[in-house]
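Visitor: The following file, query_24.cif, comprises mmCIF, C-alpha atoms:
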data_target
loop_
_atom_site.group_PDB
_atom_site.id
_atom_site.type_symbol
_atom_site.label_atom_id
_atom_site.label_comp_id
_atom_site.auth_asym_id
_atom_site.auth_seq_id
_atom_site.Cartn_x
_atom_site.Cartn_y
_atom_site.Cartn_z
ATOM 1 C CA MET A 1 0.000 0.000 0.000
ATOM 2 C CA ALA A 2 1.354 3.444 -0.930
ATOM 3 C CA SER A 3 1.892 6.017 1.756
ATOM 4 C CA LEU A 4 0.152 9.385 1.652
ATOM 5 C CA GLY A 5 3.469 11.088 0.865
ATOM 6 C CA ASN A 6 3.849 9.025 -2.314
ATOM 7 C CA LEU A 7 0.273 9.730 -3.401
ATOM 8 C CA LYS A 8 0.791 13.466 -3.019
ATOM 9 C CA GLU A 9 3.943 13.320 -5.135
ATOM 10 C CA THR A 10 2.147 11.577 -8.013
ATOM 11 C CA ARG A 11 -0.681 14.124 -8.013
ATOM 12 C CA ASN A 12 1.692 17.089 -8.135
ATOM 13 C CA ARG A 13 3.611 16.081 -11.239
ATOM 14 C CA LYS A 14 5.130 18.814 -13.355
ATOM 15 C CA VAL A 15 4.415 19.059 -17.087
ATOM 16 C CA GLU A 16 8.152 18.965 -17.800
ATOM 17 C CA GLU A 17 8.462 15.686 -15.899
ATOM 18 C CA GLU A 18 5.859 14.067 -18.127
ATOM 19 C CA MET A 19 7.929 14.834 -21.232
ATOM 20 C CA ARG A 20 5.025 16.391 -23.116
ATOM 21 C CA LYS A 21 6.083 17.882 -26.431
ATOM 22 C CA PHE A 22 4.439 20.027 -29.041
ATOM 23 C CA GLN A 23 3.386 17.889 -31.988
ATOM 24 C CA GLU A 24 4.111 19.378 -35.425
ATOM 25 C CA ARG A 25 0.859 17.948 -36.794
ATOM 26 C CA TRP A 26 -1.059 20.265 -34.435
ATOM 27 C CA THR A 27 -0.062 23.143 -36.723
ATOM 28 C CA PHE A 28 -2.063 21.627 -39.577
ATOM 29 C CA GLU A 29 -4.888 20.080 -37.562
ATOM 30 C CA TYR A 30 -5.517 22.819 -34.978
ATOM 31 C CA PHE A 31 -3.663 25.903 -36.336
ATOM 32 C CA LEU A 32 -1.170 26.032 -33.468
ATOM 33 C CA ILE A 33 2.536 26.746 -33.284
ATOM 34 C CA GLU A 34 4.988 26.446 -30.403
ATOM 35 C CA ASN A 35 5.849 29.830 -28.910
ATOM 36 C CA ALA A 36 9.130 30.880 -27.248
ATOM 37 C CA ASN A 37 7.881 29.562 -23.875
ATOM 38 C CA LYS A 38 7.292 26.083 -25.377
ATOM 39 C CA ARG A 39 3.524 26.503 -25.173
ATOM 40 C CA PRO A 40 1.020 25.918 -28.004
ATOM 41 C CA LEU A 41 -0.051 29.264 -29.488
ATOM 42 C CA CYS A 42 -3.239 29.531 -31.543
ATOM 43 C CA LEU A 43 -2.701 31.236 -34.893
ATOM 44 C CA ILE A 44 -6.371 32.218 -35.070
ATOM 45 C CA CYS A 45 -6.911 33.999 -31.740
ATOM 46 C CA TYR A 46 -3.314 34.232 -30.397
ATOM 47 C CA GLN A 47 -4.189 32.551 -27.108
ATOM 48 C CA THR A 48 -1.875 29.989 -25.555
ATOM 49 C CA VAL A 49 -3.005 26.570 -24.432
ATOM 50 C CA ASN A 50 -1.784 26.070 -20.881
ATOM 51 C CA VAL A 51 -1.138 22.336 -20.924
ATOM 52 C CA THR A 52 0.603 20.678 -23.845
ATOM 53 C CA LYS A 53 -1.746 17.746 -24.283
ATOM 54 C CA GLU A 54 -3.732 16.892 -27.362
ATOM 55 C CA CYS A 55 -7.036 16.813 -25.476
ATOM 56 C CA ASN A 56 -6.457 20.417 -24.341
ATOM 57 C CA VAL A 57 -5.329 21.546 -27.790
ATOM 58 C CA LYS A 58 -8.321 19.880 -29.450
ATOM 59 C CA ARG A 59 -10.746 21.301 -26.872
ATOM 60 C CA HIS A 60 -9.428 24.834 -27.493
ATOM 61 C CA TYR A 61 -9.887 24.463 -31.231
ATOM 62 C CA GLU A 62 -13.361 22.912 -30.992
ATOM 63 C CA THR A 63 -14.744 25.341 -28.406
ATOM 64 C CA LYS A 64 -13.203 28.597 -29.612
ATOM 65 C CA HIS A 65 -13.250 27.926 -33.347
ATOM 66 C CA SER A 66 -16.107 25.439 -33.750
ATOM 67 C CA GLU A 67 -17.148 26.889 -37.098
ATOM 68 C CA GLY A 68 -13.660 26.375 -38.461
ATOM 69 C CA VAL A 69 -11.268 28.924 -39.834
ATOM 70 C CA TYR A 70 -13.495 29.966 -42.706
ATOM 71 C CA GLY A 71 -16.784 30.079 -40.793
ATOM 72 C CA LYS A 72 -20.002 28.632 -42.153
ATOM 73 C CA MET A 73 -20.180 28.360 -45.903
#
Any chance you could give the structure as structure tokens?
Guide:
Amino acid sequence: MASLGNLKETRNRKVEEEMRKFQERWTFEYFLIENANKRPLCLICYQTVNVTKECNVKRHYETKHSEGVYGKM
């Protein structure tokens, strides 16, 4: 059985420790680039996505730009 100290350590992981990296394909799929701070930056609205995970990147794109880049046609 794990001690409470070990459980707390696993919950407080740092993003850098998880080795998350910006995926180049996100540029084409979600219109994002990696900024100087190593964070995904949206080329449509210039907001950064706080956590470099595909679910967060996809959620940003789908909620903020649900109509797509060109809007409804």
Visitor: Using Å and a single decimal, report how far CA of Arg20 (chain A) sits from CA of Leu43 (chain A).
Guide: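 If I compute the distance from CA of Leu43 (chain A) to CA of Arg20 (chain A), I get 20.5 Å.
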Visitor: I need the residue nearest Thr52 (chain A) from this list: A:Arg39, A:Glu24, A:Phe31, A:Lys64. Use all atoms listed in the file for the distance.
Guide: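 Among the listed residues, A:Arg39 lies closest to Thr52 (chain A).
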Visitor: Nearest to Thr63 (chain A): which of A:Phe22, A:Ala36, A:Asn12, A:Tyr30 is it, counting all atoms listed in the file?
Guide: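 Comparing A:Phe22, A:Ala36, A:Asn12, A:Tyr30 against Thr63 (chain A), the winner is A:Tyr30.
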Visitor: Interatomic distance between CA of His65 (chain A) and CA of Cys42 (chain A)?
Guide: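 Separation between CA of His65 (chain A) and CA of Cys42 (chain A): 10.3 Å.
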Visitor: Please evaluate the PyMOL selection byres ((chain A and resi 51) around 9) against the displayed coordinates and give the resulting residues as a VMD selection string.
Guide: chain A and resid 15 20 39 to 40 48 to 50 52 to 54 56 to 57
Visitor: Neighbouring residues of Glu29 (chain A) were defined as those with any atom within 10 Å, considering all atoms listed in the file; residues of the same chain fewer than 3 positions away were excluded. Please report them as JSON, numbers by chain.
Guide: {"A": [24, 25, 26, 32, 57, 58, 61]}
Visitor: Kindly provide, as lines of an AutoDock Vina configuration file, the centre and edge lengths (Å, one decimal) of an axis-aligned box around all atoms of region 17-34 of chain A given in the file, with 6 Å on each side.
Guide:
center_x = 1.5
center_y = 20.4
center_z = -27.7
size_x = 26.0
size_y = 24.7
size_z = 35.7
Visitor: Figure out the distance between CA of Glu67 (chain A) and CA of Glu34 (chain A), please, to one decimal in Å.
Guide: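 Going from CA of Glu34 (chain A) over to CA of Glu67 (chain A) covers 23.1 Å.
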